[in-house]
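K.L.:
Below is a structure I'd like to ask you about.
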Amino acid sequence: MSDFSSNPVLQPVTIGGLQLKNRIVMAPMTRSRSDDFGVPPDYAADYYAQRASAGLIITEATNISAAARGYPRTPGIWNAVQIAAWQRVTDAVHQRQGKIFLQLWHTGRMSHPDMLGGAIPVAASAIKPHGQIRVHDGMKDFVTPRALRTDEIPAIVEDYRRAAENAKRAGFDGVEVHSANNYLLEQFVRDSTNHRTDQYGGSLENRLRFPLEVVKAVVDVWGPQRVGIRISPTTTTPGNTPLDSNTMQTFSVYIDALSTLGLLYLHEIEGVTQLSRDADDGISFAALRQRFKGAYVANNQYTLALAEKTLAAGDADLFSIGRPFIANPDLIERLRNNAPLADAPKQYWYGGDARGYSDWPGMQVPRQQ
């Protein structure tokens with residue numbers, strides 16, 4: 001096998017005081033292995049520890065409260081039992097000298113009463129998503145969400161603050177705020193999903209108010225150099241309808257505001273997930289990246305060769321990779337040796353147990369003669 005050990009993407013790097021083994025980030029991936037109370041299973045510690053050779057692990061999206069849930073068997077970080085389960089994960093990762101951030105999540109309108117004890121999902125505005133969502137007993141139509149009252153918003157900001165505090169108690173190295181993929185924070189950012197007339201809607205400044213309040217609350221807990229944020233400028237709504245009338249302006253202003261907060265990194269999905277990063281007319285990811293003063297984490301179908309080229313051009317600092325980590329717990333070692341990658345059948349992506357989750361074998365290394 002070829003030796004790619006000298007590839008700069010695979011060399012140690014220090015980002016904002018955080019010493020990383022390499023520039024590869026394990027992207028957040030929902031795997032739906034937690035129990036119905038949002039408690040990660042014991043074998044989640046195996047799953048994450050097996051992948052601790054990544055420079056940084058970002059966990060699957062984790063609900064900040066019971067009211068934040070949108071999908072079955074997703075984890076939480078709002079109670080002591082969940083904290084203890086996550087502590088097992090962080091201990092296991094740290095035993096292998098890995099670094100791990102928790103991704104903080106509120107699904108907003110991307111939910112269903114079946115996931116919320118019969119309650120109507122909340123959102124920036126009462127605008128129903130197109131299509132269906134998976135609940136405990138299969139697929140169901142989205143419902144029209146309830147617009148959050150102005151006086152309810154501070155409590156959600158505090159939910160984020162408590163979740164950030166709980167993540168610290170659980171032993172994480174930092175947190176990532178999920179402000180992408182049409183979940184609650186992005187529902188406030190976009191003018192197609194935010195039709196409010198109070199101080200959280202209307203002008204772009206007002207639409208950004210709630211997400212920035214959330215980020216500031218999290219920074220109060222962790223300090224800016226242990227906080228990242230994930231955004232997805234070219235997200236489409238369910239039904240593939242563009243979400244914003246002027247995406248470049250919206251995200252230019254958003255990124256400027258985030259940059260002034262001194263965050264560790266900006267994690268950007270460069271394109272519509274699973275589509276080409278070059279497929280989005282009118283969006284300049286390079287221009288958006290230049291607006292952010294911290295580290296830039298590029299995401300969307302990056303290979304080692306593309307990451308090396310992008311790093312050499314100065315267009316990214318870290319590269320997040322998702323699906324290849326599912327079936328390749330030793331992905332970094334495989335990249336170093338230009339070894340073949342295993343592929344995980346889709347049946348193992350979501351739900352189930354340890355099978356197809358924490359039982360993937362490492363690559364077969366030829367014996368030395």
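All residue names refer to the structure tokens as shown: chains lettered A, B, ... in order, residues numbered from 1 in each chain, ligands numbered from 1 in order.
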Got a sec: who's within 9 Å of A:Ile153, counting only C-alpha atoms, leaving out chain neighbours fewer than 5 positions off, as number ranges by chain?
P.N.:
A: 148, 158, 210
K.L.:
Can you tell me, as a VMD selection string, what residues are no more than 9 Å from A:Ser125 when counting only C-alpha atoms, ignoring any on the same chain fewer than 5 positions away?
P.N.:
chain A and resid 109 145 to 148 187 to 188 193 to 196
K.L.:
Select from stretch 212-234 of chain A every residue with an atom at most 10 Å from any atom of stretch 240-254 of chain A, then for each give the shortest pair of atoms and their distance in Å to one decimal, using only C-alpha atoms, rows by chain and rising number, as a Markdown table.
P.N.:
| residue | atom | partner | partner_atom | distance |
| --- | --- | --- | --- | --- |
| A:Leu212 | CA | A:Tyr254 | CA | 8.6 |
| A:Ile231 | CA | A:Phe251 | CA | 8.9 |
| A:Ser232 | CA | A:Phe251 | CA | 9.2 |
| A:Pro233 | CA | A:Thr247 | CA | 6.5 |
| A:Thr234 | CA | A:Pro242 | CA | 7.5 |
K.L.:
For the residues selected in the previous step, produce a file with all heavy atoms as a short mmCIF file (atom, residue, chain, number, x, y, z; two decimals), in the first residue's frame.
P.N.:
data_model
loop_
_atom_site.label_atom_id
_atom_site.label_comp_id
_atom_site.auth_asym_id
_atom_site.auth_seq_id
_atom_site.Cartn_x
_atom_site.Cartn_y
_atom_site.Cartn_z
N LEU A 212 -28.04 34.57 17.33
CA LEU A 212 -26.87 35.19 17.95
C LEU A 212 -27.00 35.21 19.47
O LEU A 212 -26.00 35.06 20.19
CB LEU A 212 -26.67 36.60 17.41
CG LEU A 212 -26.24 36.66 15.94
CD1 LEU A 212 -26.21 38.11 15.44
CD2 LEU A 212 -24.87 36.01 15.73
N ILE A 231 -23.33 25.88 9.59
CA ILE A 231 -24.31 26.57 8.76
C ILE A 231 -24.42 25.86 7.42
O ILE A 231 -23.54 25.09 7.02
CB ILE A 231 -23.95 28.05 8.55
CG1 ILE A 231 -22.62 28.18 7.80
CG2 ILE A 231 -23.93 28.80 9.87
CD1 ILE A 231 -22.29 29.60 7.36
N SER A 232 -25.52 26.14 6.72
CA SER A 232 -25.75 25.51 5.41
C SER A 232 -26.45 26.52 4.51
O SER A 232 -27.67 26.48 4.33
CB SER A 232 -26.59 24.24 5.55
OG SER A 232 -27.82 24.51 6.22
N PRO A 233 -25.69 27.45 3.92
CA PRO A 233 -26.32 28.52 3.13
C PRO A 233 -27.24 28.04 2.02
O PRO A 233 -28.20 28.73 1.67
CB PRO A 233 -25.12 29.28 2.57
CG PRO A 233 -24.02 29.03 3.55
CD PRO A 233 -24.23 27.62 4.01
N THR A 234 -26.96 26.88 1.43
CA THR A 234 -27.76 26.44 0.28
C THR A 234 -28.76 25.35 0.65
O THR A 234 -29.27 24.66 -0.23
CB THR A 234 -26.85 25.95 -0.85
OG1 THR A 234 -25.93 24.98 -0.34
CG2 THR A 234 -26.06 27.10 -1.44
#
K.L.:
Pick the closest to A:Lys216 from A:Gln199, A:Thr30, A:Asn7, A:Ser259: which is it, counting only C-alpha atoms?
P.N.:
A:Ser259
K.L.:
Give me the residues near stretch 262-266 of chain A as a list in words, where near means some atom within 8 Å (using only C-alpha atoms) and where sequence neighbours in that chain fewer than 4 positions away do not count.
P.N.:
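Residues meeting the cut-off are Ile15, Gly16, Pro224, Gln225, Arg226, Val227, Gly228, Ile229, Arg230, Ile231, Leu258, Phe292, Lys293, Gly294, Ala295, Tyr296 and Val297 of chain A.
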K.L.:
Skip A:Val93 itself and residues of its chain fewer than 2 positions away, then list as a JSON list (two decimals) with C-alpha atoms, in the first residue's frame all residues within 10 Å of it, counting only C-alpha atoms.
P.N.:
[["chain", "number", "residue", "atom", "x", "y", "z"],
["A", 45, "ALA", "CA", -18.61, 4.78, 23.75],
["A", 46, "ASP", "CA", -17.12, 2.07, 21.52],
["A", 47, "TYR", "CA", -18.42, 3.75, 18.36],
["A", 48, "TYR", "CA", -16.87, 7.12, 19.10],
["A", 49, "ALA", "CA", -13.66, 5.78, 20.65],
["A", 50, "GLN", "CA", -13.02, 3.63, 17.58],
["A", 51, "ARG", "CA", -12.98, 6.84, 15.53],
["A", 52, "ALA", "CA", -10.80, 8.85, 17.92],
["A", 53, "SER", "CA", -7.98, 8.99, 15.37],
["A", 57, "ILE", "CA", -15.11, 14.28, 16.45],
["A", 87, "GLN", "CA", -19.42, 10.94, 30.12],
["A", 88, "ARG", "CA", -18.72, 7.31, 29.21],
["A", 89, "VAL", "CA", -18.31, 8.43, 25.59],
["A", 90, "THR", "CA", -15.94, 11.31, 26.33],
["A", 91, "ASP", "CA", -13.88, 9.17, 28.71],
["A", 95, "GLN", "CA", -8.42, 7.41, 26.63],
["A", 96, "ARG", "CA", -7.43, 7.24, 22.95],
["A", 97, "GLN", "CA", -6.18, 10.85, 23.01],
["A", 98, "GLY", "CA", -9.07, 12.05, 20.88],
["A", 99, "LYS", "CA", -10.98, 15.34, 20.92],
["A", 100, "ILE", "CA", -14.79, 15.49, 20.84],
["A", 172, "PHE", "CA", -16.63, 17.29, 26.15]]
K.L.:
Mind checking DSSP for stretch 48-78 of chain A and telling me the strand (DSSP E or B) residues as a list in words?
P.N.:
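Everything in stretch 48-78 of chain A that counts as strand (DSSP E or B) is Leu56, Ile57, Ile58, Thr59, Glu60, Ala61, Thr62, Asn63 and Gly76 of chain A.
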K.L.:
Save out the residues we just selected, C-alpha atoms, as an mmCIF file, in the first residue's frame.
P.N.:
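Just written: result39.cif:
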data_model
loop_
_atom_site.group_PDB
_atom_site.id
_atom_site.type_symbol
_atom_site.label_atom_id
_atom_site.label_comp_id
_atom_site.auth_asym_id
_atom_site.auth_seq_id
_atom_site.Cartn_x
_atom_site.Cartn_y
_atom_site.Cartn_z
ATOM 1 C CA LEU A 56 -11.853 16.178 15.980
ATOM 2 C CA ILE A 57 -15.107 14.280 16.452
ATOM 3 C CA ILE A 58 -18.386 16.182 16.349
ATOM 4 C CA THR A 59 -21.171 14.097 17.824
ATOM 5 C CA GLU A 60 -24.490 13.338 16.260
ATOM 6 C CA ALA A 61 -26.958 16.181 16.735
ATOM 7 C CA THR A 62 -28.084 16.186 20.381
ATOM 8 C CA ASN A 63 -31.362 17.634 21.630
ATOM 9 C CA GLY A 76 -30.309 14.420 24.574
#
K.L.:
Tell me which of A:Ile77, A:Asn182, A:Arg291, A:Pro41 sits closest to A:Ser111, counting only C-alpha atoms.
P.N.:
A:Asn182
K.L.:
What does the distance between atom CA of A:Gly352 and atom CA of A:Ser65 come to in Å, to one decimal place?
P.N.:
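Separation between atom CA of A:Gly352 and atom CA of A:Ser65: 23.2 Å.
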K.L.:
Which polymer residues have any atom within 9 Å of an atom of A:Tyr43, counting only C-alpha atoms, with same-chain residues fewer than 6 positions away left out, as a ChimeraX atom specification?
P.N.:
/A:89,353-354,357-358
